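For reference, input15.cif is printed below; it contains mmCIF, C-alpha atoms.
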```cif
data_query
loop_
_atom_site.label_atom_id
_atom_site.label_comp_id
_atom_site.auth_asym_id
_atom_site.auth_seq_id
_atom_site.Cartn_x
_atom_site.Cartn_y
_atom_site.Cartn_z
CA MET A 92 -18.35 -24.82 92.78
CA SER A 93 -15.88 -26.47 90.40
CA CYS A 94 -15.95 -30.12 89.31
CA LEU A 95 -12.99 -32.42 89.88
CA SER A 96 -11.62 -35.46 88.11
CA LEU A 97 -11.97 -38.70 90.02
CA PRO A 98 -9.35 -38.71 92.82
CA GLN A 99 -7.00 -41.53 93.71
CA PRO A 100 -8.88 -44.83 94.16
CA SER A 101 -7.93 -44.91 97.83
CA HIS A 102 -9.98 -41.75 98.40
CA ASP A 103 -12.31 -42.34 101.33
CA CYS A 104 -15.46 -41.04 99.66
CA PHE A 105 -15.35 -43.76 96.99
CA SER A 106 -14.08 -46.63 99.11
CA LYS A 107 -17.23 -46.23 101.23
CA ILE A 108 -19.71 -46.42 98.32
CA ARG A 109 -22.34 -49.17 98.69
CA LEU A 110 -25.10 -47.89 96.41
CA VAL A 111 -25.00 -46.24 92.98
CA ALA A 112 -28.04 -44.22 91.85
CA THR A 113 -27.71 -43.48 88.16
CA ASP A 114 -29.46 -41.83 85.27
CA MET A 115 -29.95 -44.01 82.19
CA ASP A 116 -29.95 -42.20 78.81
CA GLY A 117 -26.54 -40.71 78.11
CA THR A 118 -25.18 -42.14 81.36
CA LEU A 119 -25.66 -45.89 81.10
CA THR A 120 -26.31 -45.92 77.35
CA THR A 121 -23.76 -45.35 74.61
CA GLU A 122 -25.30 -43.89 71.46
CA GLY A 123 -28.66 -44.91 72.87
CA LYS A 124 -27.83 -48.55 73.61
CA PHE A 125 -26.69 -50.75 76.49
CA THR A 126 -23.30 -52.21 75.59
CA PRO A 127 -21.84 -55.55 76.70
CA ALA A 128 -19.29 -53.58 78.76
CA LEU A 129 -22.10 -51.74 80.57
CA LEU A 130 -23.94 -54.96 81.38
CA GLN A 131 -20.70 -56.45 82.69
CA ALA A 132 -20.09 -53.37 84.84
CA LEU A 133 -23.55 -53.73 86.40
CA GLN A 134 -22.89 -57.40 87.02
CA ASP A 135 -19.50 -56.65 88.60
CA LEU A 136 -21.08 -54.13 90.97
CA ALA A 137 -23.79 -56.62 91.94
CA ALA A 138 -21.17 -59.32 92.56
CA ALA A 139 -19.38 -56.90 94.91
CA ASN A 140 -22.70 -56.29 96.74
CA ILE A 141 -22.84 -52.70 95.53
CA LYS A 142 -26.47 -51.90 94.78
CA VAL A 143 -27.56 -50.00 91.67
CA ILE A 144 -30.79 -48.02 91.28
CA ILE A 145 -31.68 -46.50 87.92
CA VAL A 146 -33.18 -43.01 88.19
CA THR A 147 -34.54 -41.99 84.80
CA GLY A 148 -36.99 -39.69 83.11
CA ARG A 149 -38.20 -42.52 80.91
CA SER A 150 -41.81 -43.63 81.08
CA ALA A 151 -43.39 -46.10 83.47
CA GLY A 152 -44.03 -48.39 80.51
CA TRP A 153 -40.38 -48.45 79.52
CA VAL A 154 -38.96 -48.68 83.03
CA SER A 155 -41.23 -51.37 84.47
CA GLY A 156 -39.13 -54.16 83.00
CA LEU A 157 -35.69 -52.76 83.78
CA ALA A 158 -35.77 -53.79 87.44
CA TYR A 159 -36.37 -57.41 86.41
CA TYR A 160 -34.05 -57.78 83.42
CA LEU A 161 -30.99 -55.90 84.66
CA PRO A 162 -28.80 -56.69 87.69
CA VAL A 163 -30.15 -53.72 89.65
CA VAL A 164 -32.23 -53.45 92.82
CA GLY A 165 -34.79 -51.09 91.37
CA ALA A 166 -35.63 -48.33 88.92
CA ILE A 167 -37.28 -44.94 89.41
CA ALA A 168 -39.32 -43.74 86.43
CA GLU A 169 -40.56 -40.35 85.26
CA ASN A 170 -38.05 -38.27 87.22
CA GLY A 171 -39.16 -39.45 90.63
CA GLY A 172 -42.76 -40.33 89.85
CA LEU A 173 -42.74 -44.10 90.43
CA PHE A 174 -40.46 -46.80 91.83
CA TYR A 175 -40.13 -50.37 90.59
CA SER A 176 -38.36 -52.77 92.93
CA TYR A 177 -36.71 -55.96 91.72
CA ILE A 178 -38.66 -57.92 94.36
CA SER A 179 -42.13 -56.65 93.44
CA LYS A 180 -44.20 -56.55 90.26
CA GLN A 181 -46.18 -53.55 91.48
CA ALA A 182 -45.09 -49.95 90.96
CA VAL A 183 -44.87 -47.76 94.05
CA SER A 184 -46.27 -44.28 93.48
CA ILE A 185 -43.90 -41.60 94.73
CA THR A 186 -46.04 -38.75 93.41
CA PRO A 187 -49.62 -39.29 94.65
CA ILE A 188 -52.28 -38.87 91.94
CA SER A 189 -55.90 -39.07 93.05
CA ASP A 190 -57.50 -39.03 89.59
CA LEU A 191 -55.26 -40.32 86.81
CA ASP A 192 -57.60 -39.41 83.95
CA GLU A 193 -57.93 -35.83 85.15
CA HIS A 194 -54.19 -35.63 85.72
CA ARG A 195 -53.47 -36.70 82.12
CA ARG A 196 -56.02 -34.20 80.79
CA ASN A 197 -54.37 -31.39 82.77
CA LEU A 198 -50.94 -32.33 81.43
CA ALA A 199 -52.33 -32.38 77.87
CA THR A 200 -53.77 -28.91 78.41
CA VAL A 201 -50.39 -27.51 79.49
CA PHE A 202 -48.77 -29.11 76.43
CA GLU A 203 -51.33 -27.49 74.12
CA LYS A 204 -50.64 -24.11 75.73
CA LEU A 205 -46.91 -24.55 75.09
CA LYS A 206 -47.70 -25.38 71.46
CA LEU A 207 -49.30 -21.96 71.00
CA ASN A 208 -45.82 -20.44 71.26
CA PHE A 209 -43.90 -23.45 69.97
CA PRO A 210 -46.08 -25.14 67.31
CA GLN A 211 -43.21 -27.35 66.19
CA ILE A 212 -43.03 -29.42 69.40
CA LYS A 213 -44.20 -33.02 69.13
CA GLU A 214 -45.35 -35.46 71.77
CA SER A 215 -42.73 -38.13 72.49
CA SER A 216 -43.36 -41.64 71.21
CA ASP A 217 -43.33 -43.02 74.76
CA ASN A 218 -45.74 -40.44 76.17
CA ARG A 219 -48.64 -42.89 75.88
CA PHE A 220 -46.89 -45.10 78.44
CA ARG A 221 -46.57 -42.36 81.07
CA ILE A 222 -48.46 -41.81 84.30
CA THR A 223 -47.14 -38.77 86.18
CA ASP A 224 -45.57 -36.54 83.51
CA TRP A 225 -45.88 -35.51 79.85
CA THR A 226 -42.98 -35.46 77.39
CA PHE A 227 -42.12 -34.03 74.02
CA ASP A 228 -39.00 -34.24 71.87
CA ILE A 229 -36.22 -31.74 72.51
CA THR A 230 -34.92 -31.74 68.93
CA GLY A 231 -34.58 -28.23 67.51
CA LEU A 232 -35.13 -26.37 70.79
CA ASP A 233 -32.48 -23.90 71.95
CA ASN A 234 -31.73 -22.74 75.50
CA THR A 235 -33.86 -19.63 75.18
CA SER A 236 -36.89 -21.68 74.12
CA LEU A 237 -36.35 -24.12 76.97
CA GLN A 238 -36.13 -21.31 79.53
CA THR A 239 -39.32 -19.74 78.13
CA MET A 240 -41.11 -23.10 78.44
CA GLN A 241 -39.92 -23.49 82.01
CA HIS A 242 -41.27 -20.06 82.96
CA GLN A 243 -44.58 -20.74 81.24
CA CYS A 244 -45.00 -24.05 83.07
CA GLN A 245 -44.18 -22.40 86.38
CA GLU A 246 -46.84 -19.75 85.73
CA LEU A 247 -49.32 -22.60 85.16
CA ALA A 248 -48.21 -24.27 88.45
CA TRP A 249 -46.35 -27.13 86.78
CA GLY A 250 -42.72 -28.18 86.81
CA PHE A 251 -40.51 -28.47 83.75
CA THR A 252 -37.17 -30.11 83.01
CA TYR A 253 -35.28 -31.55 80.08
CA SER A 254 -32.66 -34.14 79.25
CA ASN A 255 -30.59 -34.90 76.16
CA VAL A 256 -33.65 -36.56 74.59
CA GLN A 257 -36.90 -35.12 76.01
CA CYS A 258 -38.67 -32.23 77.70
CA HIS A 259 -40.88 -33.04 80.68
CA ILE A 260 -43.98 -31.31 82.02
CA LYS A 261 -44.37 -32.62 85.56
CA PRO A 262 -45.96 -31.95 88.93
CA LEU A 263 -44.25 -29.27 90.99
CA GLY A 264 -41.75 -30.79 93.40
CA GLN A 265 -41.35 -34.01 91.42
CA ASP A 266 -37.68 -34.53 90.68
CA LYS A 267 -35.03 -37.20 90.83
CA ALA A 268 -33.48 -36.16 94.15
CA VAL A 269 -36.82 -36.05 95.97
CA GLY A 270 -37.94 -39.40 94.56
CA LEU A 271 -34.59 -41.07 95.20
CA SER A 272 -34.43 -39.71 98.76
CA GLN A 273 -37.84 -41.20 99.52
CA VAL A 274 -36.90 -44.57 98.04
CA LEU A 275 -33.65 -44.64 100.00
CA ARG A 276 -35.47 -43.85 103.26
CA GLU A 277 -38.20 -46.43 102.76
CA TYR A 278 -36.31 -49.32 101.13
CA PHE A 279 -32.58 -48.81 101.71
CA GLY A 280 -32.45 -47.21 105.12
CA GLU A 281 -29.33 -49.16 106.05
CA TYR A 282 -27.22 -46.93 103.79
CA VAL A 283 -26.03 -43.57 105.09
CA SER A 284 -25.53 -40.62 102.76
CA ASP A 285 -21.78 -41.01 102.25
CA GLN A 286 -22.32 -44.59 101.05
CA VAL A 287 -24.38 -43.39 98.06
CA VAL A 288 -23.07 -41.90 94.81
CA THR A 289 -25.37 -40.30 92.25
CA VAL A 290 -24.53 -40.25 88.53
CA GLY A 291 -25.90 -38.27 85.58
CA ASP A 292 -25.21 -36.36 82.39
CA SER A 293 -27.74 -33.57 81.78
CA PRO A 294 -29.90 -30.80 83.32
CA ASN A 295 -32.50 -33.45 84.06
CA ASP A 296 -30.03 -34.87 86.59
CA GLU A 297 -29.22 -31.56 88.27
CA SER A 298 -31.03 -32.40 91.50
CA LEU A 299 -28.85 -35.52 91.81
CA PHE A 300 -25.85 -33.18 91.88
CA ASP A 301 -27.32 -31.06 94.69
CA ARG A 302 -24.99 -31.49 97.67
CA ASN A 303 -27.83 -30.65 100.03
CA TYR A 304 -29.16 -34.10 99.08
CA PHE A 305 -26.09 -36.13 98.05
CA ALA A 306 -22.51 -35.37 99.02
CA VAL A 307 -20.89 -37.59 96.38
CA SER A 308 -22.01 -37.13 92.79
CA VAL A 309 -20.41 -37.88 89.43
CA GLY A 310 -21.12 -36.63 85.94
CA VAL A 311 -20.04 -38.68 82.95
CA ALA A 312 -17.92 -36.51 80.65
CA ASN A 313 -20.74 -35.48 78.32
CA VAL A 314 -22.23 -33.47 81.20
CA LEU A 315 -19.67 -30.81 80.24
CA GLU A 316 -21.96 -29.89 77.33
CA TYR A 317 -24.40 -28.49 79.92
CA ILE A 318 -22.10 -27.50 82.75
CA ASP A 319 -22.68 -23.74 82.38
CA GLN A 320 -26.45 -24.31 82.60
CA LEU A 321 -26.27 -26.17 85.91
CA GLN A 322 -26.67 -24.41 89.23
CA HIS A 323 -25.79 -27.69 90.96
CA LYS A 324 -22.77 -29.34 89.36
CA PRO A 325 -21.41 -32.85 89.92
CA ALA A 326 -18.61 -33.10 92.46
CA TYR A 327 -16.56 -35.25 90.05
CA ILE A 328 -16.49 -35.88 86.30
CA THR A 329 -15.24 -38.99 84.50
CA GLN A 330 -12.75 -38.87 81.65
CA LYS A 331 -15.04 -40.85 79.32
CA LYS A 332 -18.53 -40.13 78.03
CA GLU A 333 -21.86 -41.90 78.32
CA GLY A 334 -21.82 -45.62 79.20
CA GLU A 335 -18.03 -45.74 78.96
CA GLY A 336 -17.92 -43.08 81.66
CA PHE A 337 -20.17 -45.18 83.88
CA CYS A 338 -17.91 -48.20 83.31
CA GLU A 339 -14.95 -46.00 84.27
CA LEU A 340 -16.71 -45.07 87.50
CA SER A 341 -17.70 -48.68 88.20
CA ASP A 342 -14.09 -49.87 87.81
CA TYR A 343 -12.95 -46.99 89.96
CA ILE A 344 -15.35 -47.81 92.82
CA LEU A 345 -14.36 -51.48 92.76
CA GLN A 346 -10.68 -50.58 92.72
CA ALA A 347 -11.14 -48.18 95.64
CA ARG A 348 -12.90 -50.91 97.59
CA ARG A 349 -10.11 -53.42 96.93
CA LYS A 350 -7.46 -50.90 98.03
CA MET A 351 -9.38 -50.24 101.24
CA ARG A 352 -9.37 -53.95 102.04
CA SER A 353 -5.69 -54.52 101.20
#
```

Take the structure in the file and write it out as structure tokens.
Amino acid sequence: MSCLSLPQPSHDCFSKIRLVATDMDGTLTTEGKFTPALLQALQDLAAANIKVIIVTGRSAGWVSGLAYYLPVVGAIAENGGLFYSYISKQAVSITPISDLDEHRRNLATVFEKLKLNFPQIKESSDNRFRITDWTFDITGLDNTSLQTMQHQCQELAWGFTYSNVQCHIKPLGQDKAVGLSQVLREYFGEYVSDQVVTVGDSPNDESLFDRNYFAVSVGVANVLEYIDQLQHKPAYITQKKEGEGFCELSDYILQARRKMRS
């Protein structure tokens, strides 16, 4: 299915949006940083009572503060592993883990098995702050290597995905769409599916583009670097990349809402 540019701001599917669920790295960030324009866009959405949930592959340790310091209603860490609400200091486990120490040992074992074929891979600097998954840097890995790793993880009964910054070894069935769907059901049940838009930029966000879960999805323009690798593609793509693309979408949603009211 082909991707489209954002339609006219009066388009019904965007005038109805009440909640934005967005990836972080490469989607909210620009060259790895939050910009003043991005922070203003988040504030503008909050002022219009449009909720924002961050859905990222970043670690629990990194994500735990985002829900408190940014104008968002929550953040999902580790590709659907945990949820941090802005009204609670306690993480909610989306992926149940009965024995954390054993879980971490099992993840480490899978990583060591991958290293037998790919000795150059290195544990990510934030891996020590993780609970549900295990990450290593993607630098220097081509598509063939990534596909081989995915198959090897599947044979070992583990999931695998990657973003523009990291590769993730994770429990089977743990992904952004599953985690987000659970959070929406349990904490934001007042929003129906066509009031939610999902946003991303890489293969790690592919489940957010799955129309079986979310009818309205948007890729910031840098998603085009991966578009041929995606089975599920975003319904729409912004003109701009990274955080500027998110700001473009934010302005667009607010404009669509104003046109609906006029």

Problem set entry | Top pick for closest residue to A:Ile108, considering A:Ala138, A:Val288, A:Val311, A:Val183 and counting all atoms listed in the file |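 For A:Ile108, the nearest of the candidates is A:Val288.
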
For this session: Evaluate the PyMOL selection byres ((chain A and resi 262-271) around 7) and record the selected residues as a VMD selection string, following the chain and residue labels used in the document.
Result: chain A and resid 146 170 to 172 185 to 186 248 to 250 261 272 to 275 296 298 to 299 304

For this session: Output the residue selection produced by the PyMOL selection byres ((chain A and resi 324-337) around 8) on the file above, formatted as a count of residues only.
Result: 36

Seminar exercise, completed: Computed gap from atom CA of A:Leu205 to atom CA of A:Tyr253 is 14.5 Å

For this session: I need the residue set behind the PyMOL selection byres ((chain A and resi 150-153) around 7) for this file; please write it as a list in words.
Result: Gly148, Arg149, Val154, Ser155, Gly156, Ala168, Glu169, Asp217, Phe220, Arg221 and Ile222 of chain A

Problem set entry | d(atom CA of A:Asn140, atom CA of A:Val290) in Å | 18.1 Å

Problem set entry | Selected residue, from A:Val201, A:Arg352, A:Thr147, A:Phe305, that lies nearest to A:Ser284 when counting only C-alpha atoms | A:Phe305

Centre, edges in Å (one decimal): axis-aligned box, stretch 180-194 of chain A, 4 Å padding on all six sides, as JSON:
```
{"center_x": -50.9, "center_y": -46.1, "center_z": 89.3, "size_x": 22.0, "size_y": 28.9, "size_z": 18.8}
```

Exercise. Nearest to A:Thr239: which of A:Thr113, A:Ser179, A:Asn218, A:Asn208 is it, counting all atoms listed in the file?
Worked result: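 Closest to A:Thr239 of all the choices is A:Asn208.
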
Could I get stretch 289-311 of chain A from the block written as a PDB file, in the first residue's frame, with N, CA, C and O atoms?
```pdb
ATOM      1  N   THR A 289      -0.585   7.588  15.053  1.00  0.00           N
ATOM      2  CA  THR A 289       0.719   7.072  15.455  1.00  0.00           C
ATOM      3  C   THR A 289       1.789   7.628  14.526  1.00  0.00           C
ATOM      4  O   THR A 289       1.549   7.811  13.326  1.00  0.00           O
ATOM      5  N   VAL A 290       2.995   7.856  15.070  1.00  0.00           N
ATOM      6  CA  VAL A 290       4.048   8.546  14.316  1.00  0.00           C
ATOM      7  C   VAL A 290       5.376   7.830  14.530  1.00  0.00           C
ATOM      8  O   VAL A 290       5.707   7.449  15.654  1.00  0.00           O
ATOM      9  N   GLY A 291       6.163   7.672  13.461  1.00  0.00           N
ATOM     10  CA  GLY A 291       7.457   7.025  13.597  1.00  0.00           C
ATOM     11  C   GLY A 291       8.361   7.288  12.417  1.00  0.00           C
ATOM     12  O   GLY A 291       8.024   8.052  11.503  1.00  0.00           O
ATOM     13  N   ASP A 292       9.540   6.620  12.432  1.00  0.00           N
ATOM     14  CA  ASP A 292      10.526   6.905  11.385  1.00  0.00           C
ATOM     15  C   ASP A 292      11.358   5.706  10.953  1.00  0.00           C
ATOM     16  O   ASP A 292      12.209   5.848  10.067  1.00  0.00           O
ATOM     17  N   SER A 293      11.181   4.514  11.565  1.00  0.00           N
ATOM     18  CA  SER A 293      12.112   3.432  11.275  1.00  0.00           C
ATOM     19  C   SER A 293      11.437   2.071  11.394  1.00  0.00           C
ATOM     20  O   SER A 293      10.271   1.984  11.822  1.00  0.00           O
ATOM     21  N   PRO A 294      12.140   0.981  11.046  1.00  0.00           N
ATOM     22  CA  PRO A 294      11.548  -0.352  11.187  1.00  0.00           C
ATOM     23  C   PRO A 294      11.085  -0.671  12.603  1.00  0.00           C
ATOM     24  O   PRO A 294      10.176  -1.484  12.784  1.00  0.00           O
ATOM     25  N   ASN A 295      11.689  -0.037  13.587  1.00  0.00           N
ATOM     26  CA  ASN A 295      11.262  -0.246  14.965  1.00  0.00           C
ATOM     27  C   ASN A 295       9.846   0.256  15.216  1.00  0.00           C
ATOM     28  O   ASN A 295       9.211  -0.110  16.200  1.00  0.00           O
ATOM     29  N   ASP A 296       9.353   1.098  14.327  1.00  0.00           N
ATOM     30  CA  ASP A 296       8.007   1.672  14.450  1.00  0.00           C
ATOM     31  C   ASP A 296       6.994   0.982  13.541  1.00  0.00           C
ATOM     32  O   ASP A 296       5.847   1.419  13.454  1.00  0.00           O
ATOM     33  N   GLU A 297       7.410  -0.085  12.868  1.00  0.00           N
ATOM     34  CA  GLU A 297       6.549  -0.685  11.857  1.00  0.00           C
ATOM     35  C   GLU A 297       5.193  -1.101  12.407  1.00  0.00           C
ATOM     36  O   GLU A 297       4.162  -0.929  11.744  1.00  0.00           O
ATOM     37  N   SER A 298       5.160  -1.637  13.621  1.00  0.00           N
ATOM     38  CA  SER A 298       3.865  -2.067  14.166  1.00  0.00           C
ATOM     39  C   SER A 298       2.923  -0.884  14.370  1.00  0.00           C
ATOM     40  O   SER A 298       1.699  -1.050  14.318  1.00  0.00           O
ATOM     41  N   LEU A 299       3.473   0.316  14.583  1.00  0.00           N
ATOM     42  CA  LEU A 299       2.628   1.503  14.720  1.00  0.00           C
ATOM     43  C   LEU A 299       1.982   1.888  13.390  1.00  0.00           C
ATOM     44  O   LEU A 299       1.011   2.642  13.364  1.00  0.00           O
ATOM     45  N   PHE A 300       2.546   1.385  12.290  1.00  0.00           N
ATOM     46  CA  PHE A 300       1.992   1.657  10.963  1.00  0.00           C
ATOM     47  C   PHE A 300       1.006   0.578  10.513  1.00  0.00           C
ATOM     48  O   PHE A 300       0.441   0.674   9.428  1.00  0.00           O
ATOM     49  N   ASP A 301       0.820  -0.444  11.328  1.00  0.00           N
ATOM     50  CA  ASP A 301      -0.054  -1.563  10.979  1.00  0.00           C
ATOM     51  C   ASP A 301      -1.512  -1.119  11.096  1.00  0.00           C
ATOM     52  O   ASP A 301      -2.007  -0.831  12.186  1.00  0.00           O
ATOM     53  N   ARG A 302      -2.221  -1.096   9.980  1.00  0.00           N
ATOM     54  CA  ARG A 302      -3.589  -0.585   9.966  1.00  0.00           C
ATOM     55  C   ARG A 302      -4.579  -1.532  10.641  1.00  0.00           C
ATOM     56  O   ARG A 302      -5.735  -1.164  10.859  1.00  0.00           O
ATOM     57  N   ASN A 303      -4.133  -2.732  10.963  1.00  0.00           N
ATOM     58  CA  ASN A 303      -4.967  -3.605  11.778  1.00  0.00           C
ATOM     59  C   ASN A 303      -5.058  -3.089  13.210  1.00  0.00           C
ATOM     60  O   ASN A 303      -5.988  -3.428  13.946  1.00  0.00           O
ATOM     61  N   TYR A 304      -4.078  -2.279  13.617  1.00  0.00           N
ATOM     62  CA  TYR A 304      -4.080  -1.663  14.942  1.00  0.00           C
ATOM     63  C   TYR A 304      -4.539  -0.206  14.873  1.00  0.00           C
ATOM     64  O   TYR A 304      -5.403   0.214  15.655  1.00  0.00           O
ATOM     65  N   PHE A 305      -3.935   0.574  13.968  1.00  0.00           N
ATOM     66  CA  PHE A 305      -4.164   2.018  13.936  1.00  0.00           C
ATOM     67  C   PHE A 305      -4.428   2.473  12.499  1.00  0.00           C
ATOM     68  O   PHE A 305      -3.593   2.289  11.616  1.00  0.00           O
ATOM     69  N   ALA A 306      -5.585   3.078  12.301  1.00  0.00           N
ATOM     70  CA  ALA A 306      -5.991   3.458  10.947  1.00  0.00           C
ATOM     71  C   ALA A 306      -5.217   4.657  10.427  1.00  0.00           C
ATOM     72  O   ALA A 306      -4.969   4.776   9.224  1.00  0.00           O
ATOM     73  N   VAL A 307      -4.840   5.564  11.322  1.00  0.00           N
ATOM     74  CA  VAL A 307      -4.162   6.797  10.913  1.00  0.00           C
ATOM     75  C   VAL A 307      -2.735   6.769  11.446  1.00  0.00           C
ATOM     76  O   VAL A 307      -2.516   6.789  12.660  1.00  0.00           O
ATOM     77  N   SER A 308      -1.776   6.711  10.543  1.00  0.00           N
ATOM     78  CA  SER A 308      -0.369   6.712  10.940  1.00  0.00           C
ATOM     79  C   SER A 308       0.415   7.646  10.030  1.00  0.00           C
ATOM     80  O   SER A 308       0.051   7.847   8.867  1.00  0.00           O
ATOM     81  N   VAL A 309       1.499   8.188  10.581  1.00  0.00           N
ATOM     82  CA  VAL A 309       2.315   9.155   9.841  1.00  0.00           C
ATOM     83  C   VAL A 309       3.790   8.822  10.041  1.00  0.00           C
ATOM     84  O   VAL A 309       4.230   8.562  11.167  1.00  0.00           O
ATOM     85  N   GLY A 310       4.535   8.833   8.969  1.00  0.00           N
ATOM     86  CA  GLY A 310       5.982   8.728   9.053  1.00  0.00           C
ATOM     87  C   GLY A 310       6.599  10.083   8.779  1.00  0.00           C
ATOM     88  O   GLY A 310       6.180  10.768   7.843  1.00  0.00           O
ATOM     89  N   VAL A 311       7.546  10.505   9.618  1.00  0.00           N
ATOM     90  CA  VAL A 311       8.309  11.695   9.255  1.00  0.00           C
ATOM     91  C   VAL A 311       9.187  11.327   8.064  1.00  0.00           C
ATOM     92  O   VAL A 311       9.497  10.150   7.835  1.00  0.00           O
TER      93      VAL A 311
END
```
